[in-house]
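I have placed the structure first, in the form of structure tokens, so that the comments after it can refer back to it.
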Amino acid sequence: MAAFLNQFLIEHARDHGWSLTTTKRTRRGLAIALGLQDTPGAPLLATDLVNLQSIGITSLRLQEVCAAAGLLDDDRESAVDRWFETTVSELPKQIRTELERWYTIMLKGSNTPPRSKPRSETTTRLYLRWSLPALQTWAAAGRTSLREITPEEVRDVLPEAGNPRARMGQGLRCLFRVLKGHRLLFLNPIDRIRTGTHETLLPMPLASAALRDAINSVDPARAALTAIVAFHGLRSGQLRTLQLTDIHDGRLHLGKRTIPLAQPVQDRLFLWLAYREQRWPSTRNPHIFISRRTALDSAPVGVQWITTSMGMTAQRAREDRILNELHASGGDLRRICDMFGLSIAGASRYSTVLPHSGLQRG
């Protein structure tokens, strides 16, 4: 097993451009992990690899190599499972049981009527977080099961108006609908109660000084990221997945769109790519933007890396660019749809700001 993993590590490190130091550290970690196994030859447990961090060995590359070799048994409890258990731990037992059933259906879907597809962890977290104040209020009032909740009790806990009411209503509506659909409840107490919809926030321009400082930053990542969003309005997801082959002949090829790059963007991308080549000369990652962590594999950077590098969210800079184009074109919605990949409904959100002349830059 040690010989097999050592040879696999050498090939994996070569394919991903690992440095000699990273390869040596990973080989040492694998040797220790194999020596600690109770059953030699069995897949390595992820929890055992994580525990090696206590002696200064980074487990990320160990897990990567073992997973690629088909020798990783990921026995860790997921972060969302830990969060759920902690969140509902103080609620009555029966309510916890009902919530566990809802949670399982949300994350894994249901193959029995009413059938449903799995929902994302983010959606599940939001719905439970929005419902939690109501659940805690009912538990404090002595309710031990969601079957006991009446429409009057729902009305009592709902905020008066605005986004707080819409959010709690959306969370509770999902919770009661799923449980009633699977016959865990006899009544959906929120079925006939109106809770409104989320209020849409108006897009606002950024301060010119903040945008200018970011574009002219000495940090090549910050300057390149901000410039490409400030000039061409890319989303964070598009920034993450941009590959080296997407830019050539001074143009960015983004799906079916071809975007001629502004000269300031080309200049900053050139500086970033020069830094990228100097900092990680052996990386095999095909993405334009990489970090210290992703330089050793082929994964894209995370949204948080982009936000931290820019010093602002990509969405804020994108909204600023769209607003600027909207004012310059006199409110031509079709133009901003074509330029920024917006739907008519999405473009209409920006048109509501057009009459506010005070938002235009001088």
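Naming scheme: A, B, ... for chains in displayed order of the structure tokens; residues 1 onward per chain; ligands 1 onward as shown.
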Would you kindly return, as a list in words, each protein, DNA or RNA residue with an atom no farther than 9 Å from any atom of Arg268 (chain A), considering only C-alpha atoms and excluding same-chain residues fewer than 2 positions away?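 Selected residues are Ile215, Pro220, Ala221, Ala223, Ala224, Leu225, Ala227, Ile228, Gln263, Pro264, Val265, Gln266, Phe270, Leu271, Trp272 and Leu273 of chain A.
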Length of the CA of Thr144 (chain A) to CA of Arg96 (chain A) vector [Å]: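 A separation of 9.3 Å between them.
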If we count only C-alpha atoms, what is near Arg292 (chain A) at a cut-off of 10 Å, once residues fewer than 6 positions away on the same chain are taken out, given as an mmCIF file with all heavy atoms, in the first residue's frame?
data_model
loop_
_atom_site.group_PDB
_atom_site.id
_atom_site.type_symbol
_atom_site.label_atom_id
_atom_site.label_comp_id
_atom_site.auth_asym_id
_atom_site.auth_seq_id
_atom_site.Cartn_x
_atom_site.Cartn_y
_atom_site.Cartn_z
ATOM 1 N N ARG A 279 4.640 33.514 -9.284
ATOM 2 C CA ARG A 279 4.316 32.974 -7.968
ATOM 3 C C ARG A 279 4.115 31.470 -8.006
ATOM 4 O O ARG A 279 4.535 30.754 -7.098
ATOM 5 C CB ARG A 279 3.043 33.669 -7.456
ATOM 6 C CG ARG A 279 2.562 33.198 -6.097
ATOM 7 C CD ARG A 279 3.507 33.614 -4.991
ATOM 8 N NE ARG A 279 2.976 33.255 -3.686
ATOM 9 C CZ ARG A 279 3.037 32.037 -3.146
ATOM 10 N NH1 ARG A 279 3.641 31.065 -3.808
ATOM 11 N NH2 ARG A 279 2.531 31.800 -1.964
ATOM 12 N N TRP A 280 3.468 30.963 -9.047
ATOM 13 C CA TRP A 280 3.192 29.523 -9.151
ATOM 14 C C TRP A 280 3.604 29.029 -10.545
ATOM 15 O O TRP A 280 2.740 28.716 -11.386
ATOM 16 C CB TRP A 280 1.703 29.251 -8.917
ATOM 17 C CG TRP A 280 1.222 29.717 -7.578
ATOM 18 C CD1 TRP A 280 1.498 29.155 -6.376
ATOM 19 C CD2 TRP A 280 0.374 30.844 -7.302
ATOM 20 N NE1 TRP A 280 0.884 29.850 -5.360
ATOM 21 C CE2 TRP A 280 0.178 30.895 -5.890
ATOM 22 C CE3 TRP A 280 -0.235 31.806 -8.098
ATOM 23 C CZ2 TRP A 280 -0.600 31.875 -5.286
ATOM 24 C CZ3 TRP A 280 -0.999 32.793 -7.493
ATOM 25 C CH2 TRP A 280 -1.179 32.815 -6.097
ATOM 26 N N VAL A 301 -11.260 29.300 -7.490
ATOM 27 C CA VAL A 301 -11.237 29.997 -6.206
ATOM 28 C C VAL A 301 -12.663 30.143 -5.692
ATOM 29 O O VAL A 301 -13.632 30.014 -6.439
ATOM 30 C CB VAL A 301 -10.576 31.386 -6.338
ATOM 31 C CG1 VAL A 301 -9.116 31.265 -6.701
ATOM 32 C CG2 VAL A 301 -11.327 32.241 -7.364
#
Apply DSSP to the backbone of this structure and, from region 122-245 of chain A, keep only the residues in alpha helix (DSSP H); write these as a PyMOL selection string. chain A and resi 122-140+151-157+162-181+208-215+220-232+236-241
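Using only C-alpha atoms, the smallest distance between any of A:Leu179, A:Ala161, A:Leu269, A:Leu342 and Pro114 (chain A) comes from A:Leu179.
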Within 12 Å of Val154 (chain A), counting only C-alpha atoms, which residues show up once you throw out same-chain ones fewer than 3 positions away? Write them as a ChimeraX atom specification, please. /A:131,133-135,137-138,146,148-151,157-160,165,168-169,172-173,176,188-195
Take the selection from the previous step and output its residues with C-alpha atoms, as an mmCIF file, in the first residue's frame.
data_model
loop_
_atom_site.group_PDB
_atom_site.id
_atom_site.type_symbol
_atom_site.label_atom_id
_atom_site.label_comp_id
_atom_site.auth_asym_id
_atom_site.auth_seq_id
_atom_site.Cartn_x
_atom_site.Cartn_y
_atom_site.Cartn_z
ATOM 1 C CA SER A 131 -38.494 29.822 11.081
ATOM 2 C CA PRO A 133 -37.826 32.513 16.197
ATOM 3 C CA ALA A 134 -41.362 31.174 15.763
ATOM 4 C CA LEU A 135 -40.318 27.644 16.788
ATOM 5 C CA THR A 137 -41.618 31.068 20.833
ATOM 6 C CA TRP A 138 -43.971 28.099 20.533
ATOM 7 C CA LEU A 146 -45.914 21.267 15.388
ATOM 8 C CA GLU A 148 -50.493 21.643 17.970
ATOM 9 C CA ILE A 149 -49.855 24.942 16.158
ATOM 10 C CA THR A 150 -52.964 26.858 15.081
ATOM 11 C CA PRO A 151 -53.368 29.680 12.524
ATOM 12 C CA VAL A 157 -45.525 35.271 15.984
ATOM 13 C CA LEU A 158 -45.351 36.809 12.509
ATOM 14 C CA PRO A 159 -43.753 40.283 12.355
ATOM 15 C CA GLU A 160 -46.082 43.082 11.319
ATOM 16 C CA ARG A 165 -42.589 38.976 7.946
ATOM 17 C CA MET A 168 -40.503 34.054 8.474
ATOM 18 C CA GLY A 169 -43.569 33.340 6.383
ATOM 19 C CA LEU A 172 -42.738 28.414 7.953
ATOM 20 C CA ARG A 173 -44.653 27.857 4.725
ATOM 21 C CA PHE A 176 -45.511 23.109 7.197
ATOM 22 C CA ASN A 188 -51.135 23.537 7.495
ATOM 23 C CA PRO A 189 -51.718 26.492 9.826
ATOM 24 C CA ILE A 190 -50.101 29.076 7.536
ATOM 25 C CA ASP A 191 -51.896 27.996 4.368
ATOM 26 C CA ARG A 192 -54.391 30.895 4.283
ATOM 27 C CA ILE A 193 -52.174 33.563 5.863
ATOM 28 C CA ARG A 194 -50.620 36.229 3.654
ATOM 29 C CA THR A 195 -47.041 37.075 4.540
#
Hey, which of A:Glu199, A:Glu90, A:Glu100, A:Asp15 ends up closest to Val65 (chain A)? Count only C-alpha atoms.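 Of A:Glu199, A:Glu90, A:Glu100, A:Asp15, the one nearest Val65 (chain A) is A:Asp15, counting only C-alpha atoms.
Proximity ranking of A:Glu77, A:Asp338, A:Glu277, A:Glu319 relative to Pro203 (chain A) places A:Glu319 first, based on only C-alpha atoms.
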As a VMD selection string, please: every residue in region 138-351 of chain A that DSSP puts in strand (DSSP E or B). chain A and resid 243 247 to 248 251 to 254 257 to 260 287
Within 9 Å of region 118-122 of chain A, counting only C-alpha atoms, which residues qualify if same-chain residues fewer than 2 places away don't, as number ranges by chain? A: 80, 105-110, 116, 124-127
Would you mind telling me which residue in A:Ala166, A:Arg257, A:Ile288, A:Ala317 lies nearest to Ala274 (chain A) when using only C-alpha atoms?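 For Ala274 (chain A), the nearest of the given residues is A:Ile288.
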From the options A:Met1, A:Val303, A:Leu201, A:Leu211, which residue's atoms come nearest to Leu239 (chain A), counting only C-alpha atoms?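 Among the listed residues, the smallest separation from Leu239 (chain A) belongs to A:Val303.
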If you count only C-alpha atoms, which residues fall within 7 Å of Leu44 (chain A), apart from same-chain ones fewer than 5 positions away, as a PyMOL selection string? chain A and resi 71-73
Near region 311-315 of chain A, 12 Å: region 235-305 of chain A residue rows, closest pairs, only C-alpha atoms, as CSV:
residue,atom,partner,partner_atom,distance
A:Arg235,CA,A:Ala314,CA,6.3
A:Ser236,CA,A:Ala314,CA,5.6
A:Gly237,CA,A:Ala314,CA,9.3
A:Gln238,CA,A:Ala314,CA,10.2
A:Leu239,CA,A:Ala314,CA,8.9
A:Arg240,CA,A:Ala314,CA,10.9
A:Val303,CA,A:Thr313,CA,8.8
A:Gln304,CA,A:Thr313,CA,8.8
A:Trp305,CA,A:Gly311,CA,9.8
Selected residue of minimal separation from Gly233 (chain A) among A:Ala141, A:Lys256, A:Phe340, A:Arg251, counting only C-alpha atoms: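 So, comparing all the options, the nearest one is A:Phe340.
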Name all residues at most 8 Å from region 28-42 of chain A (count only C-alpha atoms; drop same-chain ones fewer than 2 positions away) and give them as a PyMOL selection string. chain A and resi 1-2+5+24-26+44+48-49+52+57+59+62+71
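Here CA of Ala299 (chain A) and CA of Pro286 (chain A) stand 8.7 Å from one another.
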Hey, can you check how far CA of Trp18 (chain A) sits from CA of Pro281 (chain A)?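 Interatomic distance here is 9.9 Å.
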